[in-house]
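Asker: Supplied structure: protein30.cif, mmCIF, C-alpha atoms and all ligand atoms.
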```cif
data_entry
#
loop_
_atom_site.label_atom_id
_atom_site.label_comp_id
_atom_site.auth_asym_id
_atom_site.auth_seq_id
_atom_site.Cartn_x
_atom_site.Cartn_y
_atom_site.Cartn_z
CA MET A 1 237.30 81.96 149.56
CA ALA A 2 238.40 78.54 148.38
CA ASP A 3 237.52 77.43 144.85
CA THR A 4 234.77 74.84 145.30
CA HIS A 5 234.59 73.98 141.57
CA HIS A 6 237.13 71.26 140.88
CA ASP A 7 236.00 70.78 137.26
CA LEU A 8 237.31 73.92 135.54
CA LEU A 9 234.77 73.70 132.67
CA GLN A 10 231.91 73.84 135.14
CA ARG A 11 233.21 77.00 136.74
CA PRO A 12 230.76 79.96 136.43
CA LEU A 13 231.78 82.63 133.91
CA PRO A 14 233.44 85.72 135.34
CA ASP A 15 231.50 88.97 135.19
CA GLY A 16 231.34 90.50 131.72
CA ALA A 17 232.06 87.27 129.76
CA VAL A 18 229.57 86.44 127.00
CA PRO A 19 227.77 83.11 127.38
CA ALA A 20 228.51 80.45 124.77
CA GLU A 21 224.91 80.38 123.45
CA GLU A 22 225.03 84.08 122.68
CA VAL A 23 228.39 83.71 120.91
CA ALA A 24 226.95 80.91 118.79
CA ARG A 25 223.85 82.97 117.97
CA THR A 26 225.93 86.01 116.93
CA GLU A 27 228.26 83.89 114.80
CA LYS A 28 225.29 82.38 113.02
CA ARG A 29 223.92 85.85 112.22
CA TRP A 30 227.24 87.02 110.78
CA LEU A 31 227.54 83.83 108.77
CA THR A 32 224.06 84.36 107.30
CA LEU A 33 224.93 87.96 106.44
CA MET A 34 228.19 86.92 104.77
CA VAL A 35 226.50 84.19 102.69
CA ALA A 36 223.83 86.71 101.65
CA MET A 37 226.50 89.25 100.57
CA LEU A 38 228.40 86.59 98.60
CA SER A 39 225.18 85.52 96.87
CA VAL A 40 224.39 89.12 95.88
CA MET A 41 227.93 89.66 94.51
CA MET A 42 227.82 86.38 92.59
CA ALA A 43 224.42 87.33 91.13
CA VAL A 44 225.82 90.72 90.04
CA VAL A 45 228.79 89.02 88.31
CA VAL A 46 226.54 86.55 86.48
CA ALA A 47 223.96 89.20 85.52
CA THR A 48 226.50 91.72 84.16
CA GLY A 49 228.38 88.93 82.41
CA MET A 50 225.21 87.88 80.60
CA THR A 51 223.76 91.31 79.83
CA ASN A 52 227.03 93.01 78.80
CA ALA A 53 228.62 90.02 77.08
CA ILE A 54 231.59 90.13 79.43
CA HIS A 55 233.40 86.84 79.57
CA PRO A 56 236.95 85.57 79.82
CA PRO A 57 238.74 85.30 76.48
CA SER A 58 238.29 81.76 75.20
CA ASN A 59 239.86 81.75 71.76
CA VAL A 60 242.74 79.29 71.68
CA GLU A 61 244.47 79.73 68.36
CA THR A 62 248.21 79.59 67.96
CA ILE A 63 250.49 81.48 65.60
CA ASP A 64 254.27 81.64 65.17
CA PRO A 65 255.28 85.12 66.39
CA THR A 66 258.57 85.01 64.44
CA THR A 67 256.98 84.62 61.00
CA LEU A 68 253.54 86.20 61.33
CA HIS A 69 254.59 89.36 59.45
CA LEU A 70 255.79 87.39 56.42
CA SER A 71 252.49 86.01 55.19
CA GLY A 72 248.96 85.21 56.26
CA GLU A 73 246.40 87.40 57.96
CA PHE A 74 248.91 89.43 59.99
CA ALA A 75 251.06 90.45 57.02
CA GLU A 76 251.22 94.25 56.83
CA SER A 77 248.81 94.55 53.90
CA ASN A 78 246.12 92.64 55.82
CA LEU A 79 246.24 94.73 58.99
CA GLY A 80 243.44 97.12 59.84
CA THR A 81 239.75 96.73 59.05
CA ALA A 82 238.39 94.29 56.50
CA GLN A 83 234.77 93.88 55.50
CA GLU A 84 233.42 90.32 55.45
CA SER A 85 230.89 89.06 52.90
CA ASP A 86 228.12 89.11 55.55
CA GLY A 87 228.74 92.83 56.18
CA SER A 88 230.53 92.37 59.50
CA LEU A 89 233.96 93.85 60.11
CA THR A 90 237.22 92.25 61.16
CA ALA A 91 239.99 94.43 62.58
CA ARG A 92 243.44 92.89 62.68
CA LEU A 93 246.18 94.41 64.82
CA ILE A 94 249.66 93.54 65.94
CA ALA A 95 250.85 94.61 69.37
CA ASP A 96 254.55 95.10 69.91
CA GLN A 97 256.76 97.15 72.20
CA TYR A 98 255.42 99.90 72.28
CA ALA A 99 252.70 100.34 69.69
CA PHE A 100 249.67 98.80 68.10
CA VAL A 101 249.84 98.42 64.32
CA PRO A 102 247.82 100.12 62.91
CA ASP A 103 247.47 102.65 65.70
CA CYS A 104 244.09 103.88 64.48
CA VAL A 105 241.31 101.55 63.39
CA MET A 106 238.26 102.65 61.41
CA LEU A 107 234.95 100.93 62.20
CA ALA A 108 231.24 101.45 61.58
CA VAL A 109 228.56 101.85 64.24
CA TYR A 110 225.81 99.18 64.70
CA THR A 111 227.91 96.57 62.90
CA PRO A 112 229.28 93.31 64.33
CA VAL A 113 233.02 93.72 64.84
CA LYS A 114 235.62 91.07 65.43
CA PHE A 115 239.05 92.13 66.70
CA ARG A 116 241.91 89.75 66.01
CA LEU A 117 245.20 90.57 67.68
CA THR A 118 248.54 89.00 68.30
CA SER A 119 251.86 90.04 69.79
CA THR A 120 255.35 89.75 68.38
CA ASP A 121 257.25 90.07 71.65
CA VAL A 122 255.75 90.15 75.15
CA VAL A 123 252.29 90.07 76.72
CA HIS A 124 250.26 93.22 76.03
CA GLY A 125 246.71 94.17 76.94
CA PHE A 126 243.92 95.45 74.75
CA LEU A 127 241.11 97.40 76.38
CA LEU A 128 238.33 99.58 75.02
CA PRO A 129 236.78 101.54 77.88
CA ALA A 130 232.98 101.33 78.21
CA THR A 131 232.75 98.24 75.97
CA ASN A 132 233.10 94.51 76.57
CA VAL A 133 236.53 94.53 74.90
CA ASN A 134 239.31 93.63 77.32
CA THR A 135 241.80 90.92 76.51
CA MET A 136 245.43 89.99 76.92
CA VAL A 137 247.52 89.78 73.78
CA VAL A 138 249.96 86.93 74.19
CA PRO A 139 252.79 86.09 71.78
CA GLY A 140 252.10 82.77 70.09
CA PHE A 141 248.32 83.15 70.33
CA VAL A 142 245.60 85.02 68.44
CA SER A 143 243.24 86.93 70.72
CA GLU A 144 239.76 87.34 69.34
CA VAL A 145 237.08 89.63 70.79
CA ARG A 146 233.66 90.41 69.34
CA THR A 147 231.72 93.57 69.95
CA ARG A 148 229.28 96.03 68.41
CA PHE A 149 229.56 99.79 68.83
CA THR A 150 226.37 101.70 69.54
CA ARG A 151 227.90 105.20 69.56
CA PRO A 152 230.09 106.85 66.94
CA GLY A 153 233.22 108.55 68.22
CA ILE A 154 236.86 108.03 69.00
CA TYR A 155 237.65 105.33 71.52
CA ARG A 156 241.11 105.20 73.00
CA MET A 157 242.60 101.78 73.48
CA PRO A 158 245.45 101.73 75.98
CA CYS A 159 247.68 98.74 76.52
CA ASN A 160 246.59 97.62 79.97
CA GLU A 161 249.22 94.98 80.66
CA PHE A 162 252.63 96.14 81.85
CA CYS A 163 254.97 95.35 78.97
CA GLY A 164 258.14 97.30 79.70
CA PRO A 165 259.46 100.83 80.24
CA GLY A 166 257.45 102.23 77.31
CA HIS A 167 254.15 100.70 78.44
CA HIS A 168 252.55 103.99 79.49
CA GLY A 169 252.91 105.38 75.96
CA MET A 170 251.40 102.38 74.22
CA TRP A 171 247.91 103.11 73.04
CA ALA A 172 245.87 103.36 69.88
CA ARG A 173 242.49 104.63 68.77
CA VAL A 174 239.33 103.23 67.31
CA LYS A 175 237.31 105.63 65.20
CA VAL A 176 233.68 104.60 64.96
CA VAL A 177 231.75 106.37 62.20
CA PRO A 178 228.13 106.17 60.93
CA LYS A 179 227.46 103.24 58.60
CA GLU A 180 226.80 105.42 55.52
CA GLN A 181 230.05 107.33 56.03
CA PHE A 182 231.95 104.05 56.34
CA GLN A 183 230.43 102.61 53.17
CA ALA A 184 231.26 105.79 51.22
CA MET A 185 234.98 105.47 52.00
CA ALA A 186 237.58 104.12 49.65
CA PRO A 187 238.99 100.71 50.70
CA MET A 188 242.25 102.34 51.77
CA GLU A 189 240.48 104.85 54.05
CA ARG A 190 238.34 102.09 55.51
CA SER A 191 241.21 99.85 56.49
CA SER A 192 242.66 102.32 59.01
CA CYS A 193 242.63 105.96 60.10
CA VAL A 194 246.39 106.27 60.57
CA GLN A 195 247.48 109.71 59.37
CA ARG A 196 249.30 109.19 56.12
CU1 LIG B 201 252.05 96.99 75.72
CU2 LIG B 201 251.79 97.65 77.97
#
```
Reformat the file's structure so that it appears as structure tokens.

Answerer:
Amino acid sequence: MADTHHDLLQRPLPDGAVPAEEVARTEKRWLTLMVAMLSVMMAVVVATGMTNAIHPPSNVETIDPTTLHLSGEFAESNLGTAQESDGSLTARLIADQYAFVPDCVMLAVYTPVKFRLTSTDVVHGFLLPATNVNTMVVPGFVSEVRTRFTRPGIYRMPCNEFCGPGHHGMWARVKVVPKEQFQAMAPMERSSCVQR
């Protein structure tokens, strides 16, 4: 039989082909579903960010990595936990290949805590599982993270940024003790829990 349709676009669809209107309708449904899924995921990100205080690190503070050990807040005698006049705690640590100094930090439960870290060599990571603490430690910058522990115990803090062949062995601990126990300690004991 000769083809009587000279305009190819007007030719009837072969058997089994889906009409254009149905394709358009199906595409619209998938698009709606995808937008709905994206909205739900975005809402989850915003809600957890607000309720768990999870946010990208925003502290831009520079420091000279070649001289930080000589004086100032990252000199050896200032590392570890310090108590501020308002009762909050500040823990200062240095990250270098392949250790955190000090490698055990003593803190009190239900107390505002500020971690201040910097690196002397390459980029390291600082993560406390099950808390909002997760930051990169970049040479030349001071990373600052604030948190508050609600459970006493020992928290392991692994370096979570690949920093060289010894990366897997780079980790430290945070020991969170009841407030009364913390206050009863001598200043030396309070500053860190490194075995001496
Ligand atoms: Cu330090 Cu990985």

Asker: Considering only C-alpha atoms, state which residue in the set A:Leu117, A:Met157, A:Ala186, A:Leu9 is at the smallest distance from Val174 of chain A.

Answerer: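 Closest residue, counting only C-alpha atoms: A:Met157.
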
Asker: Which is closest to ligand LIG 201 (chain B) among A:Arg29, A:His167, A:Arg151, A:Lys114, if we use all atoms listed in the file?

Answerer: A:His167

Asker: Hey, could you make a per-residue contact list for chain A against ligand LIG 201 (chain B) with 12 Å as the cut-off, showing the nearest pair of atoms and its distance in Å to one decimal, counting only C-alpha atoms and all ligand atoms, sorted by chain and number, as JSON lines?

Answerer:
```
{"residue": "A:Ile94", "atom": "CA", "partner": "B:LIG201", "partner_atom": "CU1", "distance": 10.6}
{"residue": "A:Ala95", "atom": "CA", "partner": "B:LIG201", "partner_atom": "CU1", "distance": 6.9}
{"residue": "A:Asp96", "atom": "CA", "partner": "B:LIG201", "partner_atom": "CU1", "distance": 6.6}
{"residue": "A:Gln97", "atom": "CA", "partner": "B:LIG201", "partner_atom": "CU1", "distance": 5.9}
{"residue": "A:Tyr98", "atom": "CA", "partner": "B:LIG201", "partner_atom": "CU1", "distance": 5.6}
{"residue": "A:Ala99", "atom": "CA", "partner": "B:LIG201", "partner_atom": "CU1", "distance": 6.9}
{"residue": "A:Phe100", "atom": "CA", "partner": "B:LIG201", "partner_atom": "CU1", "distance": 8.2}
{"residue": "A:Val101", "atom": "CA", "partner": "B:LIG201", "partner_atom": "CU1", "distance": 11.7}
{"residue": "A:Thr118", "atom": "CA", "partner": "B:LIG201", "partner_atom": "CU1", "distance": 11.5}
{"residue": "A:Ser119", "atom": "CA", "partner": "B:LIG201", "partner_atom": "CU1", "distance": 9.1}
{"residue": "A:Thr120", "atom": "CA", "partner": "B:LIG201", "partner_atom": "CU1", "distance": 10.8}
{"residue": "A:Asp121", "atom": "CA", "partner": "B:LIG201", "partner_atom": "CU1", "distance": 9.6}
{"residue": "A:Val122", "atom": "CA", "partner": "B:LIG201", "partner_atom": "CU1", "distance": 7.8}
{"residue": "A:Val123", "atom": "CA", "partner": "B:LIG201", "partner_atom": "CU1", "distance": 7.0}
{"residue": "A:His124", "atom": "CA", "partner": "B:LIG201", "partner_atom": "CU1", "distance": 4.2}
{"residue": "A:Gly125", "atom": "CA", "partner": "B:LIG201", "partner_atom": "CU1", "distance": 6.2}
{"residue": "A:Phe126", "atom": "CA", "partner": "B:LIG201", "partner_atom": "CU1", "distance": 8.3}
{"residue": "A:Leu127", "atom": "CA", "partner": "B:LIG201", "partner_atom": "CU2", "distance": 10.8}
{"residue": "A:Thr135", "atom": "CA", "partner": "B:LIG201", "partner_atom": "CU1", "distance": 11.9}
{"residue": "A:Met136", "atom": "CA", "partner": "B:LIG201", "partner_atom": "CU1", "distance": 9.7}
{"residue": "A:Val137", "atom": "CA", "partner": "B:LIG201", "partner_atom": "CU1", "distance": 8.7}
{"residue": "A:Val138", "atom": "CA", "partner": "B:LIG201", "partner_atom": "CU1", "distance": 10.4}
{"residue": "A:Pro139", "atom": "CA", "partner": "B:LIG201", "partner_atom": "CU1", "distance": 11.6}
{"residue": "A:Met157", "atom": "CA", "partner": "B:LIG201", "partner_atom": "CU1", "distance": 10.8}
{"residue": "A:Pro158", "atom": "CA", "partner": "B:LIG201", "partner_atom": "CU2", "distance": 7.8}
{"residue": "A:Cys159", "atom": "CA", "partner": "B:LIG201", "partner_atom": "CU2", "distance": 4.5}
{"residue": "A:Asn160", "atom": "CA", "partner": "B:LIG201", "partner_atom": "CU2", "distance": 5.6}
{"residue": "A:Glu161", "atom": "CA", "partner": "B:LIG201", "partner_atom": "CU2", "distance": 4.6}
{"residue": "A:Phe162", "atom": "CA", "partner": "B:LIG201", "partner_atom": "CU2", "distance": 4.2}
{"residue": "A:Cys163", "atom": "CA", "partner": "B:LIG201", "partner_atom": "CU2", "distance": 4.0}
{"residue": "A:Gly164", "atom": "CA", "partner": "B:LIG201", "partner_atom": "CU2", "distance": 6.6}
{"residue": "A:Pro165", "atom": "CA", "partner": "B:LIG201", "partner_atom": "CU2", "distance": 8.6}
{"residue": "A:Gly166", "atom": "CA", "partner": "B:LIG201", "partner_atom": "CU2", "distance": 7.3}
{"residue": "A:His167", "atom": "CA", "partner": "B:LIG201", "partner_atom": "CU2", "distance": 3.9}
{"residue": "A:His168", "atom": "CA", "partner": "B:LIG201", "partner_atom": "CU2", "distance": 6.6}
{"residue": "A:Gly169", "atom": "CA", "partner": "B:LIG201", "partner_atom": "CU2", "distance": 8.1}
{"residue": "A:Met170", "atom": "CA", "partner": "B:LIG201", "partner_atom": "CU1", "distance": 5.6}
{"residue": "A:Trp171", "atom": "CA", "partner": "B:LIG201", "partner_atom": "CU1", "distance": 7.9}
{"residue": "A:Ala172", "atom": "CA", "partner": "B:LIG201", "partner_atom": "CU1", "distance": 10.6}
```

Asker: Applying 7 Å and all atoms listed in the file, which residues near segment 66-79 of chain A remain after dropping the ones on its own chain fewer than 2 positions away? List them as a short mmCIF file (atom, residue, chain, number, x, y, z; two decimals) with C-alpha atoms, in the frame of the given file.

Answerer:
```
data_model
loop_
_atom_site.label_atom_id
_atom_site.label_comp_id
_atom_site.auth_asym_id
_atom_site.auth_seq_id
_atom_site.Cartn_x
_atom_site.Cartn_y
_atom_site.Cartn_z
CA ASP A 64 254.27 81.64 65.17
CA THR A 81 239.75 96.73 59.05
CA ARG A 92 243.44 92.89 62.68
CA LEU A 93 246.18 94.41 64.82
CA PRO A 102 247.82 100.12 62.91
CA THR A 120 255.35 89.75 68.38
#
```

Asker: Leaving out segment 140-147 of chain A and any residue of its chain fewer than 4 positions from it, which residues lie within 7 Å of it when counting all atoms listed in the file, given as a PyMOL selection string?

Answerer: chain A and resi 59-65+112-118+132-133

Asker: Let me make sure I understand: among A:Ile54, A:Ala17, A:Val46, A:Cys104, which one has the smallest atom-to-atom distance to Asn134 of chain A if we use all atoms listed in the file?

Answerer: A:Ile54

Asker: Can you work out the spacing between atom CA of Val177 of chain A and atom CA of Glu189 of chain A in Å, to one decimal?

Answerer: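 That distance, rounded to one decimal, is 12.0 Å.
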
Asker: Could you please determine the separation between atom CA of Ala130 of chain A and atom CA of Phe149 of chain A in Å, to one decimal place?

Answerer: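 Atom-to-atom, atom CA of Ala130 of chain A and atom CA of Phe149 of chain A are spaced 10.1 Å apart.
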
Asker: Using all atoms listed in the file for the distances, tell me which of A:Ser85, A:Tyr155, A:Val105, A:Val44 is nearest to Leu128 of chain A.

Answerer: A:Tyr155

Asker: Quick one, how far is atom CA of Trp30 of chain A from atom CA of Arg11 of chain A?

Answerer: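 It comes out at 28.5 Å.
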
Asker: Counting all atoms listed in the file, what is within 8 Å of Lys179 of chain A, bar same-chain residues fewer than 6 positions away, as a ChimeraX atom specification?

Answerer: /A:108-111

Asker: With distances taken over all atoms listed in the file, which of A:Met42, A:Val176, A:Leu31, A:Ala53 is nearest to Leu107 of chain A?

Answerer: A:Val176
